[in-house]
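Just protein-v3.txt here, compact mmCIF, C-alpha atoms:
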```
# COMPACT_ATOMS: atom_id res chain seq x y z
CA MET G 1 -13.84 -123.90 -150.27
CA LYS G 2 -15.94 -126.45 -148.42
CA GLU G 3 -19.39 -125.21 -147.43
CA PRO G 4 -20.04 -125.34 -143.68
CA SER G 5 -22.48 -128.09 -142.83
CA ILE G 6 -25.52 -127.59 -140.64
CA GLU G 7 -23.88 -129.85 -138.05
CA GLU G 8 -20.81 -127.62 -137.83
CA PHE G 9 -23.04 -124.57 -137.62
CA LEU G 10 -25.01 -126.05 -134.72
CA ARG G 11 -21.92 -127.22 -132.84
CA GLU G 12 -20.24 -123.85 -133.24
CA ASN G 13 -23.30 -121.87 -132.21
CA LYS G 14 -24.45 -123.46 -128.99
CA PRO G 15 -26.89 -121.11 -127.27
CA VAL G 16 -25.10 -119.03 -124.65
CA VAL G 17 -26.72 -119.10 -121.23
CA PRO G 18 -26.71 -115.64 -119.66
CA ASP G 19 -24.79 -115.66 -116.39
CA ASP G 20 -27.27 -115.47 -113.53
CA PRO G 21 -25.89 -115.69 -109.99
CA THR G 22 -29.44 -115.54 -108.57
CA PHE G 23 -30.51 -118.77 -110.27
CA ILE G 24 -29.33 -121.10 -107.49
CA LEU G 25 -30.53 -118.63 -104.83
CA GLU G 26 -33.98 -118.73 -106.40
CA THR G 27 -33.82 -122.55 -106.45
CA ARG G 28 -32.93 -122.55 -102.73
CA ARG G 29 -35.81 -120.15 -101.99
CA ARG G 30 -38.29 -122.38 -103.82
CA MET G 31 -36.93 -125.48 -102.07
CA ALA G 32 -37.43 -123.78 -98.71
CA GLU G 33 -41.05 -123.06 -99.73
CA VAL G 34 -41.50 -126.72 -100.68
CA GLU G 35 -40.10 -127.74 -97.26
CA GLY G 36 -42.57 -125.38 -95.58
CA ILE G 37 -45.51 -126.91 -97.45
CA LYS G 38 -44.23 -130.45 -96.79
CA GLY G 39 -43.95 -129.65 -93.07
CA GLU G 40 -47.48 -128.26 -92.94
CA VAL G 41 -48.90 -131.29 -94.80
CA ASP G 42 -47.01 -133.61 -92.41
CA ARG G 43 -48.37 -131.75 -89.39
CA GLN G 44 -51.93 -131.99 -90.71
CA ARG G 45 -51.49 -135.70 -91.45
CA ARG G 46 -50.03 -136.42 -88.02
CA TYR G 47 -52.86 -134.50 -86.37
CA GLY G 48 -55.51 -136.42 -88.34
CA ARG G 49 -53.83 -139.72 -87.52
CA THR G 50 -53.55 -138.89 -83.82
CA VAL G 51 -57.24 -137.99 -83.66
CA LEU G 52 -58.12 -141.24 -85.45
CA ILE G 53 -55.96 -143.34 -83.11
CA ILE G 54 -57.40 -141.68 -79.98
CA THR G 55 -60.93 -142.22 -81.28
CA LEU G 56 -60.20 -145.89 -82.02
CA VAL G 57 -58.52 -146.47 -78.64
CA VAL G 58 -61.45 -144.89 -76.78
CA GLY G 59 -63.90 -146.86 -78.94
CA VAL G 60 -62.08 -150.15 -78.37
CA VAL G 61 -61.81 -149.64 -74.59
CA ILE G 62 -65.40 -148.54 -74.08
CA GLY G 63 -66.71 -151.14 -76.52
CA ALA G 64 -64.70 -153.93 -74.89
CA LEU G 65 -65.89 -152.90 -71.43
CA ALA G 66 -69.50 -152.70 -72.56
CA THR G 67 -69.33 -156.08 -74.29
CA ALA G 68 -67.66 -157.66 -71.26
CA LEU G 69 -70.32 -156.16 -69.04
CA ALA G 70 -73.09 -157.50 -71.25
CA PHE G 71 -71.61 -161.02 -71.22
CA LEU G 72 -70.46 -161.13 -67.59
CA PHE G 73 -73.69 -159.82 -66.12
CA PRO G 74 -76.49 -161.22 -68.24
CA ILE G 75 -79.84 -159.65 -67.53
CA GLU G 76 -83.29 -161.01 -67.32
CA PRO G 77 -85.26 -158.70 -69.57
CA ALA G 78 -88.50 -159.65 -67.90
CA ARG G 79 -87.26 -158.16 -64.61
CA LEU G 80 -86.16 -154.86 -66.16
CA THR G 81 -88.66 -152.19 -66.99
CA GLY G 82 -86.23 -149.99 -68.94
CA GLU G 83 -87.58 -146.93 -67.23
CA SER G 84 -84.33 -145.74 -65.61
CA PHE G 85 -81.33 -144.65 -67.66
CA TRP G 86 -79.07 -147.52 -66.55
CA GLU G 87 -81.73 -150.11 -67.16
CA GLY G 88 -82.13 -148.68 -70.65
CA VAL G 89 -78.38 -148.94 -71.20
CA ARG G 90 -78.27 -152.54 -69.99
CA LEU G 91 -81.18 -153.50 -72.20
CA PHE G 92 -79.54 -151.81 -75.17
CA LEU G 93 -76.20 -153.56 -74.56
CA ASP G 94 -77.88 -156.90 -74.16
CA GLY G 95 -79.72 -156.46 -77.43
CA TRP G 96 -76.65 -155.29 -79.36
CA LYS G 97 -73.87 -157.37 -77.77
CA TYR G 98 -73.44 -159.68 -80.80
CA ILE G 99 -72.98 -156.66 -83.09
CA LEU G 100 -70.87 -154.71 -80.61
CA MET G 101 -68.33 -157.52 -80.24
CA PRO G 102 -67.33 -157.74 -83.94
CA ALA G 103 -67.29 -153.93 -84.15
CA VAL G 104 -64.82 -153.78 -81.28
CA ALA G 105 -62.74 -156.52 -82.89
CA VAL G 106 -62.65 -154.66 -86.25
CA SER G 107 -61.66 -151.41 -84.51
CA ALA G 108 -58.89 -153.21 -82.64
CA ILE G 109 -57.56 -154.75 -85.87
CA LEU G 110 -57.71 -151.34 -87.61
CA LEU G 111 -55.85 -149.75 -84.72
CA GLY G 112 -53.19 -152.44 -84.85
CA LEU G 113 -52.74 -151.95 -88.60
CA LEU G 114 -52.51 -148.18 -88.25
CA LEU G 115 -49.90 -148.39 -85.51
CA ALA G 116 -47.89 -151.00 -87.44
CA ARG G 117 -47.96 -148.75 -90.55
CA ASP G 118 -46.86 -145.74 -88.50
CA ARG G 119 -43.90 -147.67 -87.10
CA ARG G 120 -42.92 -148.89 -90.60
CA SER G 121 -43.08 -145.33 -92.03
CA ALA G 122 -40.91 -144.08 -89.17
CA GLU G 123 -38.36 -146.85 -89.83
CA LEU G 124 -38.26 -146.02 -93.57
CA LEU G 125 -37.64 -142.34 -92.81
CA MET Y 1 -31.91 -136.96 -100.83
CA THR Y 2 -30.86 -134.02 -98.67
CA GLN Y 3 -31.31 -130.41 -99.75
CA GLU Y 4 -27.55 -129.85 -99.95
CA ARG Y 5 -26.96 -133.00 -101.99
CA PHE Y 6 -29.72 -131.94 -104.38
CA ILE Y 7 -28.23 -128.44 -104.73
CA THR Y 8 -24.77 -129.89 -105.38
CA LEU Y 9 -26.14 -132.07 -108.18
CA VAL Y 10 -28.16 -129.17 -109.61
CA LYS Y 11 -25.15 -126.84 -109.60
CA ALA Y 12 -23.29 -129.31 -111.81
CA GLU Y 13 -26.19 -129.49 -114.26
CA GLN Y 14 -27.68 -126.01 -114.20
CA GLU Y 15 -25.82 -124.52 -117.16
CA SER Y 16 -26.54 -127.50 -119.37
CA LEU Y 17 -30.19 -127.62 -118.26
CA ARG Y 18 -30.71 -123.92 -118.85
CA ARG Y 19 -29.07 -124.12 -122.30
CA PHE Y 20 -31.32 -127.06 -123.27
CA LEU Y 21 -34.41 -125.11 -122.21
CA LEU Y 22 -33.10 -121.94 -123.85
CA ALA Y 23 -32.93 -123.83 -127.15
CA LEU Y 24 -36.40 -125.29 -126.61
CA CYS Y 25 -37.74 -121.81 -125.84
CA SER Y 26 -36.04 -120.50 -129.01
CA GLY Y 27 -33.86 -118.05 -127.13
CA ASP Y 28 -36.36 -116.74 -124.55
CA ALA Y 29 -34.01 -116.78 -121.54
CA ALA Y 30 -36.60 -115.60 -118.98
CA LEU Y 31 -39.08 -118.28 -120.00
CA ALA Y 32 -36.34 -120.93 -120.10
CA ASP Y 33 -35.26 -120.05 -116.54
CA ASP Y 34 -38.88 -120.08 -115.31
CA ILE Y 35 -39.35 -123.58 -116.73
CA ALA Y 36 -35.97 -124.64 -115.29
CA GLN Y 37 -37.03 -123.48 -111.81
CA GLU Y 38 -40.37 -125.27 -112.13
CA ALA Y 39 -38.52 -128.43 -113.20
CA LEU Y 40 -36.15 -128.18 -110.24
CA VAL Y 41 -39.04 -127.85 -107.80
CA ARG Y 42 -40.73 -130.89 -109.36
CA ALA Y 43 -37.45 -132.79 -109.22
CA TYR Y 44 -36.88 -131.82 -105.58
CA VAL Y 45 -40.40 -132.92 -104.59
CA ALA Y 46 -39.86 -136.24 -106.40
CA SER Y 47 -36.22 -136.66 -105.30
CA GLY Y 48 -37.29 -139.19 -102.67
CA SER Y 49 -38.36 -141.52 -105.46
CA PHE Y 50 -35.10 -141.12 -107.43
CA ARG Y 51 -33.47 -144.54 -107.14
CA GLY Y 52 -30.48 -143.90 -109.34
CA LEU Y 53 -31.65 -146.28 -112.09
CA SER Y 54 -30.65 -143.58 -114.59
CA LYS Y 55 -28.15 -140.75 -114.24
CA PHE Y 56 -29.38 -137.77 -112.20
CA SER Y 57 -28.85 -135.54 -115.21
CA THR Y 58 -30.97 -137.79 -117.47
CA TRP Y 59 -33.73 -137.85 -114.85
CA LEU Y 60 -33.58 -134.06 -114.43
CA PHE Y 61 -33.65 -133.41 -118.18
CA ARG Y 62 -36.68 -135.71 -118.52
CA ILE Y 63 -38.53 -133.69 -115.90
CA ALA Y 64 -37.47 -130.43 -117.56
CA TYR Y 65 -38.67 -131.63 -120.97
CA ASN Y 66 -42.02 -132.65 -119.47
CA CYS Y 67 -42.31 -129.21 -117.84
CA TYR Y 68 -41.61 -127.59 -121.18
CA ILE Y 69 -44.25 -129.74 -122.90
CA ASP Y 70 -46.76 -128.87 -120.15
CA HIS Y 71 -45.96 -125.21 -120.67
CA THR Y 72 -46.48 -125.37 -124.44
CA ARG Y 73 -49.85 -127.08 -123.90
CA ARG Y 74 -50.89 -124.48 -121.33
CA VAL Y 75 -49.90 -121.37 -123.24
CA ARG Y 76 -51.44 -120.33 -126.52
CA PRO Y 77 -48.92 -119.50 -129.26
CA GLU Y 78 -48.07 -115.81 -129.33
CA GLN Y 79 -49.57 -113.70 -132.06
CA VAL Y 80 -46.20 -112.04 -132.78
CA PRO Y 81 -44.61 -113.11 -136.10
CA LEU Y 82 -41.78 -115.62 -135.74
CA GLU Y 83 -39.08 -113.24 -137.03
CA ASP Y 84 -40.05 -110.52 -134.51
CA ARG Y 85 -40.13 -112.99 -131.61
CA ALA Y 86 -36.69 -114.36 -132.29
CA ALA Y 87 -35.26 -110.92 -133.00
CA LEU Y 88 -36.41 -109.72 -129.57
CA ARG Y 89 -34.35 -112.44 -127.89
CA VAL Y 90 -31.01 -111.68 -129.49
CA PRO Y 91 -28.68 -110.05 -126.96
CA SER Y 92 -28.05 -106.51 -128.16
CA ASP Y 93 -24.47 -106.34 -126.90
CA ASP Y 94 -23.27 -109.29 -129.01
CA ALA Y 95 -21.05 -108.76 -132.01
CA SER Y 96 -23.27 -108.21 -135.02
CA ASP Y 97 -22.29 -111.37 -136.94
CA ALA Y 98 -22.86 -113.48 -133.81
CA SER Y 99 -26.21 -111.74 -133.32
CA PHE Y 100 -27.21 -112.64 -136.84
CA ARG Y 101 -26.13 -116.23 -136.33
CA TYR Y 102 -28.15 -116.56 -133.10
CA GLN Y 103 -31.09 -114.78 -134.66
CA ALA Y 104 -31.04 -117.24 -137.55
CA LEU Y 105 -30.61 -120.18 -135.18
CA TYR Y 106 -33.46 -119.19 -132.84
CA GLN Y 107 -35.78 -118.36 -135.73
CA ALA Y 108 -35.06 -121.74 -137.27
CA LEU Y 109 -35.50 -123.56 -133.95
CA ASP Y 110 -38.80 -121.77 -133.42
CA ARG Y 111 -40.11 -123.28 -136.65
CA LEU Y 112 -39.22 -126.86 -135.68
CA PRO Y 113 -41.72 -129.27 -134.12
CA GLU Y 114 -41.06 -129.80 -130.36
CA LYS Y 115 -39.56 -133.27 -130.72
CA GLU Y 116 -37.15 -132.23 -133.46
CA LYS Y 117 -36.13 -129.17 -131.46
CA ALA Y 118 -35.48 -131.34 -128.41
CA VAL Y 119 -33.33 -133.91 -130.23
CA ILE Y 120 -31.33 -131.20 -132.03
CA ALA Y 121 -30.71 -129.39 -128.72
CA LEU Y 122 -29.69 -132.55 -126.89
CA PHE Y 123 -27.49 -133.93 -129.66
CA TYR Y 124 -25.70 -130.81 -130.88
CA PHE Y 125 -25.75 -128.50 -127.86
CA GLU Y 126 -25.53 -131.01 -124.99
CA ASP Y 127 -23.57 -133.78 -126.77
CA ARG Y 128 -25.93 -136.50 -125.53
CA SER Y 129 -25.85 -139.99 -126.96
CA ILE Y 130 -28.86 -141.47 -128.76
CA ARG Y 131 -29.43 -143.77 -125.80
CA GLU Y 132 -29.47 -140.92 -123.29
CA MET Y 133 -31.81 -138.97 -125.55
CA ALA Y 134 -34.11 -141.99 -125.74
CA ASP Y 135 -34.16 -142.07 -121.92
CA ILE Y 136 -34.82 -138.35 -121.61
CA LEU Y 137 -37.50 -138.10 -124.28
CA GLN Y 138 -38.98 -141.56 -123.58
CA MET Y 139 -38.81 -142.61 -127.20
CA PRO Y 140 -37.20 -145.58 -128.98
CA SER Y 141 -33.72 -144.97 -130.46
CA GLY Y 142 -35.08 -145.36 -133.99
CA THR Y 143 -37.58 -142.57 -133.43
CA ILE Y 144 -34.84 -140.33 -132.02
CA LYS Y 145 -32.72 -140.93 -135.15
CA TYR Y 146 -35.70 -140.16 -137.37
CA HIS Y 147 -36.44 -136.87 -135.58
CA LEU Y 148 -32.75 -135.97 -135.66
CA SER Y 149 -32.59 -136.51 -139.39
CA MET Y 150 -35.83 -134.61 -139.99
CA GLY Y 151 -34.70 -131.77 -137.73
CA ARG Y 152 -31.40 -131.48 -139.59
CA ASN Y 153 -33.17 -131.39 -142.94
CA HIS Y 154 -35.59 -128.74 -141.73
CA LEU Y 155 -32.79 -126.61 -140.30
CA LYS Y 156 -30.88 -126.87 -143.58
CA ALA Y 157 -33.91 -125.42 -145.31
CA TYR Y 158 -34.41 -122.66 -142.71
CA ILE Y 159 -30.82 -121.52 -142.18
CA ARG Y 160 -28.81 -120.09 -145.05
CA LEU Y 161 -25.17 -120.92 -144.31
```

Rendering of file as structure tokens:
Amino acid sequence: MKEPSIEEFLRENKPVVPDDPTFILETRRRMAEVEGIKGEVDRQRRYGRTVLIITLVVGVVIGALATALAFLFPIEPARLTGESFWEGVRLFLDGWKYILMPAVAVSAILLGLLLARDRRSAELL
Amino acid sequence: MTQERFITLVKAEQESLRRFLLALCSGDAALADDIAQEALVRAYVASGSFRGLSKFSTWLFRIAYNCYIDHTRRVRPEQVPLEDRAALRVPSDDASDASFRYQALYQALDRLPEKEKAVIALFYFEDRSIREMADILQMPSGTIKYHLSMGRNHLKAYIRL
């Protein structure tokens, strides 16, 4: 009589998976948990992004106004004492206008990129 | 991929996936199902990146095998002797000759290196081709054939037919 080969033995003795009707239910439960976590992460990300966008918009608007003010109404430093608050502000803006302008430009570019990326992500979804 | 689509695909593969992991876990059904669930969660999280370049089943088995490897790296080997471990996993309500056969099979599988165990399980229990096995285990076909041959030789030595 021919001896059974190891291959026959393996093919005839496939492990038997115990029947478990709860397996798919457990998978569904875990998937629901994953969805919950995903939702929370999305909410946090959206919140962070919104705060960033608001900050950039406010920065760009105020910065642009301040820069425009500094260029449109040049001051004569000799006539300002810098003692009052507004005189101090005007002196500060005049001194920093060449730094303020690129900063506003960079913020505006960043804002544009962020908004463009947001729109692209929304389209992909 | 939607939740329902994912579940539909998983339902078609669950028995095969659980059997593959059962063989890798040398008959420990509870551990095999735990790893299967972990693999399904990982697959679901990554399902957005599944582009259909390979079959869903191949992709799922690859994730499951990686989960199993992670598990074996995480957990220290048990201190229980091999014979006792395998004996504990044999279903008590099986016919006695079948019980002995499974006991012998699981004990022998337990002694195999992970790669040999994986190729034996995929080839003989899941009827996968060498190419599919190469995709699942991320190895060249030649290496798969080598492990298959080595695994067979080892099993011949461990199982008295």

(request) Identify which of the residues Y:Phe20, Y:Tyr102, Y:Tyr65, Y:Tyr146 lies closest to Asp127 (chain Y), counting all atoms listed in the file when measuring atom-to-atom distances. (result) Y:Phe20

(message) I want to know what sits within 10 Å of Asn13 (chain G), based on only C-alpha atoms, with residues of the same chain fewer than 5 positions away left out; could you give that as a list in words?
(response)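 Skipping anything fewer than 5 positions along the chain leaves Glu7 and Glu8 of chain G; Ala98, Arg101, Tyr102, Leu105, Tyr124 and Phe125 of chain Y.
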
(request) Could you tell me which of Y:Glu126, Y:Asp28, Y:Asp110, Y:Glu15 comes closest to Leu10 (chain G) if we count only C-alpha atoms? (result)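 For Leu10 (chain G), the nearest of the given residues is Y:Glu126.
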
(message) If we count all atoms listed in the file and set the cut-off at 10 Å, which residues sit around Phe56 (chain Y), ignoring sequence neighbours fewer than 2 positions away in its own chain? Please answer as a ChimeraX atom specification.
(response) /Y:6,9-10,13,43,47,50-54,58-62

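What chain G places within 7 Å of chain Y, counting all atoms listed in the file, is Pro4, Ile6, Leu10, Arg11, Lys14, Pro15, Val16, Val17, Thr27, Arg30 and Met31 of chain G.
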
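Picture a line from CA of Val51 (chain G) to CA of Ala64 (chain G); it runs 19.7 Å.
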
(request) Would you work out the distance separating CA of Pro18 (chain G) from CA of Ala134 (chain Y), expressed in Å to one decimal? (result)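 Rounded to one decimal, the two atoms are 28.0 Å apart.
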
(message) One number please: CA of Gly48 (chain G) to CA of Ala46 (chain Y), in Å, one decimal.
(response)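 Distance between the two atoms: 23.9 Å.
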